[in-house]
Amino acid sequence: MPSRTETPNQVNEKIDWKKFEDIALHIRRDIIKMLGIAGSGHPGGSLSVTDILTLLYFHFLKHNPKDPKWSDRDRLIFSKGHGCPALYCALALSGYFEEKLLLTLRKLGSPLQGHPDMRKLSGIEASTGSLGQGLSIGIGCALAARFDKKSFLTYVIMSDGELNEGQTWEAAAFASFHKLSNLIVILDCNKFQLSGATKDILNMEPIVDKWRAFGWLVKEIDGHSHKEIYEAIEWARSSKSAPSMILAHTIKGKGVSFMENNNHFHGVAPTKDETARALKELGENEAEIQRILGMIH
């Protein structure tokens with residue numbers, strides 16, 4: 001992990017950005033394969049959060065796939081549970097389970113449920129999907145670290161639709177009041193939720209001003225720029241005075257042209273033809289595409 005005394009530019013020169021690009025592309029391909037075979041799921045929000053998960057799992061998180069319950073591990077609460085295909089991919093590529101298990105998503109008896117279930121899969125910190133609860137769970141983890149005098153950090157990944165939930169704001173007030181500087185929230189702000197654009201359902205702008213008014217440190221970034229994600233997480237990790245909110249502006253369906261900003265793909269899996277088209281756009285080889293199509297009924 002880079003030293004706190006290094007400047008962002010010094011750090012950037014040492015980072016293998018191509019590695020992150022390759023991992024994110026791999027995850028996006030796997031998301032499409034999983035959902036195409038499953039015939040159900042949430043592609044839009046999975047693709048939008050991919051770059052954030054890439055930086056966390058493959059650089060920042062202190063974790064050990066061989067010892068998932070290691071007491072000093074960082075905690076990641078994936079509050080937007082419906083985007084779990086991206087989370088499952090990050091876990092598989094990190095070594096928590098074999099990658100071939102990804103293709104069992106949503107199948108009867110598979111540990112890869114439609115929303116994360118901590119009882120069925122190692123590496124899942126909390127069973128999530130009831131939107132608005134993740135921040136409260138994260139606060140519990142952050143408080144536990146303080147009480148136990150542990151140095152681990154707690155990250156919470158939320159959706160912008162969750163800001164409609166009153167529990168989110170109760171939790172936000174609580175976290176700042178107790179100065180939980182070991183708590184970092186990353187908001188996957190892709191501008192859509194189940195029923196449409198967030199601005200049309202319940203407009204929460206100005207989001208930045210609201211979180212600052214609640215006593216949080218806030219930074220806005222491009223949620224698909226690996227350098228901006230990197231520098232924002234470094235910034236948040238250095239906070240000693242308050243919890244941090246990284247507002248990551250993302251594109252729903254990022255990486256697949258016909259899914260980008262198309263809310264039809266909030267909770268609708270690609271058809272067989274759409275799966276082939278998406279994988280071609282993502283540069284998958286033809287033999288692998290045909291293998292996956294052969295598994296779609």
# chains A, B, ... in the order shown; residues from 1 in each chain; ligands from 1
>>> residues_around(residues="Arg75 (chain A)", least_positions_apart="3", cutoff="9 Å", atoms="only C-alpha atoms", output="PDB file with C-alpha atoms, in the first residue's frame")
ATOM      1  CA  LEU A  61      -9.236  -3.863   0.641  1.00  0.00           C
ATOM      2  CA  LYS A  62      -7.307  -5.612   3.374  1.00  0.00           C
ATOM      3  CA  HIS A  63      -8.743  -9.117   3.021  1.00  0.00           C
ATOM      4  CA  GLU A 125     -20.139  -9.443   4.954  1.00  0.00           C
ATOM      5  CA  GLY A 138     -21.632  -0.412   8.069  1.00  0.00           C
ATOM      6  CA  CYS A 141     -18.925  -2.531  11.799  1.00  0.00           C
ATOM      7  CA  ALA A 142     -17.190   0.831  12.207  1.00  0.00           C
ATOM      8  CA  PHE A 152      -9.816  -2.086   9.884  1.00  0.00           C
ATOM      9  CA  LEU A 153     -11.892   0.188   7.674  1.00  0.00           C
ATOM     10  CA  THR A 154     -15.525  -0.260   6.677  1.00  0.00           C
ATOM     11  CA  TYR A 155     -16.671   0.542   3.154  1.00  0.00           C
ATOM     12  CA  VAL A 156     -20.335   0.785   2.168  1.00  0.00           C
TER      13      VAL A 156
END
>>> closest_residue(among="A:Leu143, A:Leu131, A:Gly255, A:Glu274", to="His26 (chain A)", atoms="only C-alpha atoms")
A:Gly255
>>> residues_around(residues="Arg237 (chain A)", least_positions_apart="2", cutoff="12 Å", atoms="only C-alpha atoms", output="ChimeraX atom specification")
/A:1-4,60-61,74,151-155,180-185,217,230-235,239-246
>>> residues_around(residues="Ala248 (chain A)", least_positions_apart="2", cutoff="12 Å", atoms="only C-alpha atoms", output="PyMOL selection string")
chain A and resi 48-52+157-160+185-191+207-208+218-226+228-230+232-233+245-246+250-252
>>> write_last_selection(atoms="C-alpha atoms", output="mmCIF file, in the first residue's frame")
data_model
loop_
_atom_site.group_PDB
_atom_site.id
_atom_site.type_symbol
_atom_site.label_atom_id
_atom_site.label_comp_id
_atom_site.auth_asym_id
_atom_site.auth_seq_id
_atom_site.Cartn_x
_atom_site.Cartn_y
_atom_site.Cartn_z
ATOM 1 C CA SER A 48 -22.067 0.664 -13.275
ATOM 2 C CA VAL A 49 -20.326 -0.442 -10.067
ATOM 3 C CA THR A 50 -17.672 -2.632 -11.723
ATOM 4 C CA ASP A 51 -14.814 -0.107 -11.722
ATOM 5 C CA ILE A 52 -15.359 0.750 -8.061
ATOM 6 C CA ILE A 157 -21.366 0.793 -1.485
ATOM 7 C CA MET A 158 -24.783 2.384 -1.947
ATOM 8 C CA SER A 159 -27.067 3.226 -4.850
ATOM 9 C CA ASP A 160 -28.460 6.708 -5.394
ATOM 10 C CA VAL A 185 -19.337 5.331 1.707
ATOM 11 C CA ILE A 186 -19.103 5.105 -2.079
ATOM 12 C CA LEU A 187 -22.296 6.153 -3.832
ATOM 13 C CA ASP A 188 -22.837 4.483 -7.212
ATOM 14 C CA CYS A 189 -24.708 7.440 -8.653
ATOM 15 C CA ASN A 190 -25.984 6.095 -11.990
ATOM 16 C CA LYS A 191 -29.085 8.357 -11.995
ATOM 17 C CA ILE A 207 -26.729 15.439 -2.914
ATOM 18 C CA VAL A 208 -23.283 16.853 -2.102
ATOM 19 C CA VAL A 218 -17.578 14.622 0.432
ATOM 20 C CA LYS A 219 -15.718 14.194 -2.846
ATOM 21 C CA GLU A 220 -17.277 13.940 -6.340
ATOM 22 C CA ILE A 221 -15.597 11.800 -8.989
ATOM 23 C CA ASP A 222 -16.043 10.039 -12.309
ATOM 24 C CA GLY A 223 -16.921 6.537 -11.134
ATOM 25 C CA HIS A 224 -15.360 4.973 -14.227
ATOM 26 C CA SER A 225 -11.982 6.732 -13.980
ATOM 27 C CA HIS A 226 -9.666 4.361 -12.157
ATOM 28 C CA GLU A 228 -10.132 9.294 -9.766
ATOM 29 C CA ILE A 229 -11.473 6.309 -7.828
ATOM 30 C CA TYR A 230 -7.961 5.566 -6.582
ATOM 31 C CA ALA A 232 -10.694 9.474 -3.816
ATOM 32 C CA ILE A 233 -10.268 6.312 -1.765
ATOM 33 C CA MET A 245 -18.668 10.040 1.162
ATOM 34 C CA ILE A 246 -17.335 9.473 -2.373
ATOM 35 C CA THR A 250 -21.484 6.399 -13.121
ATOM 36 C CA ILE A 251 -23.328 5.194 -16.224
ATOM 37 C CA LYS A 252 -25.922 2.500 -15.783
#
>>> decode(residues="region 240-291 of chain A", atoms="C-alpha atoms", output="PDB file, in the first residue's frame")
ATOM      1  CA  LYS A 240      -9.266  11.390  10.816  1.00  0.00           C
ATOM      2  CA  SER A 241     -12.131  13.768  11.599  1.00  0.00           C
ATOM      3  CA  ALA A 242     -15.364  12.499  10.008  1.00  0.00           C
ATOM      4  CA  PRO A 243     -16.889   9.772   7.829  1.00  0.00           C
ATOM      5  CA  SER A 244     -16.284  10.151   4.095  1.00  0.00           C
ATOM      6  CA  MET A 245     -18.668  10.040   1.162  1.00  0.00           C
ATOM      7  CA  ILE A 246     -17.335   9.473  -2.373  1.00  0.00           C
ATOM      8  CA  LEU A 247     -20.037  10.431  -4.836  1.00  0.00           C
ATOM      9  CA  ALA A 248     -19.144   8.433  -7.938  1.00  0.00           C
ATOM     10  CA  HIS A 249     -20.965   9.547 -11.081  1.00  0.00           C
ATOM     11  CA  THR A 250     -21.484   6.399 -13.121  1.00  0.00           C
ATOM     12  CA  ILE A 251     -23.328   5.194 -16.224  1.00  0.00           C
ATOM     13  CA  LYS A 252     -25.922   2.500 -15.783  1.00  0.00           C
ATOM     14  CA  GLY A 253     -25.020  -0.394 -18.057  1.00  0.00           C
ATOM     15  CA  LYS A 254     -21.483   0.936 -18.580  1.00  0.00           C
ATOM     16  CA  GLY A 255     -19.525  -0.854 -21.298  1.00  0.00           C
ATOM     17  CA  VAL A 256     -22.410  -2.197 -23.371  1.00  0.00           C
ATOM     18  CA  SER A 257     -23.730   0.405 -25.799  1.00  0.00           C
ATOM     19  CA  PHE A 258     -27.384  -0.636 -25.851  1.00  0.00           C
ATOM     20  CA  MET A 259     -27.521  -0.967 -22.063  1.00  0.00           C
ATOM     21  CA  GLU A 260     -25.927   2.375 -21.207  1.00  0.00           C
ATOM     22  CA  ASN A 261     -28.480   4.743 -19.619  1.00  0.00           C
ATOM     23  CA  ASN A 262     -31.216   2.334 -20.723  1.00  0.00           C
ATOM     24  CA  ASN A 263     -33.283   1.591 -17.628  1.00  0.00           C
ATOM     25  CA  HIS A 264     -34.952  -1.349 -19.345  1.00  0.00           C
ATOM     26  CA  PHE A 265     -31.851  -3.229 -18.220  1.00  0.00           C
ATOM     27  CA  HIS A 266     -32.254  -2.309 -14.572  1.00  0.00           C
ATOM     28  CA  GLY A 267     -33.646  -5.754 -13.804  1.00  0.00           C
ATOM     29  CA  VAL A 268     -33.949  -7.493 -17.183  1.00  0.00           C
ATOM     30  CA  ALA A 269     -31.272  -9.958 -18.303  1.00  0.00           C
ATOM     31  CA  PRO A 270     -30.041  -9.870 -21.906  1.00  0.00           C
ATOM     32  CA  THR A 271     -31.654 -12.247 -24.392  1.00  0.00           C
ATOM     33  CA  LYS A 272     -29.518 -14.801 -26.195  1.00  0.00           C
ATOM     34  CA  ASP A 273     -28.971 -12.419 -29.108  1.00  0.00           C
ATOM     35  CA  GLU A 274     -28.266  -9.502 -26.748  1.00  0.00           C
ATOM     36  CA  THR A 275     -25.788 -11.637 -24.813  1.00  0.00           C
ATOM     37  CA  ALA A 276     -23.878 -12.350 -28.022  1.00  0.00           C
ATOM     38  CA  ARG A 277     -23.958  -8.702 -29.036  1.00  0.00           C
ATOM     39  CA  ALA A 278     -22.800  -7.497 -25.626  1.00  0.00           C
ATOM     40  CA  LEU A 279     -19.925  -9.983 -25.449  1.00  0.00           C
ATOM     41  CA  LYS A 280     -18.770  -8.971 -28.913  1.00  0.00           C
ATOM     42  CA  GLU A 281     -18.757  -5.317 -27.838  1.00  0.00           C
ATOM     43  CA  LEU A 282     -16.687  -6.320 -24.809  1.00  0.00           C
ATOM     44  CA  GLY A 283     -14.142  -8.034 -27.057  1.00  0.00           C
ATOM     45  CA  GLU A 284     -14.822 -11.633 -26.042  1.00  0.00           C
ATOM     46  CA  ASN A 285     -13.483 -14.263 -28.432  1.00  0.00           C
ATOM     47  CA  GLU A 286     -15.923 -16.069 -30.710  1.00  0.00           C
ATOM     48  CA  ALA A 287     -15.303 -19.544 -29.318  1.00  0.00           C
ATOM     49  CA  GLU A 288     -16.167 -18.397 -25.796  1.00  0.00           C
ATOM     50  CA  ILE A 289     -19.251 -16.563 -27.036  1.00  0.00           C
ATOM     51  CA  GLN A 290     -20.493 -19.718 -28.730  1.00  0.00           C
ATOM     52  CA  ARG A 291     -19.814 -21.746 -25.561  1.00  0.00           C
TER      53      ARG A 291
END
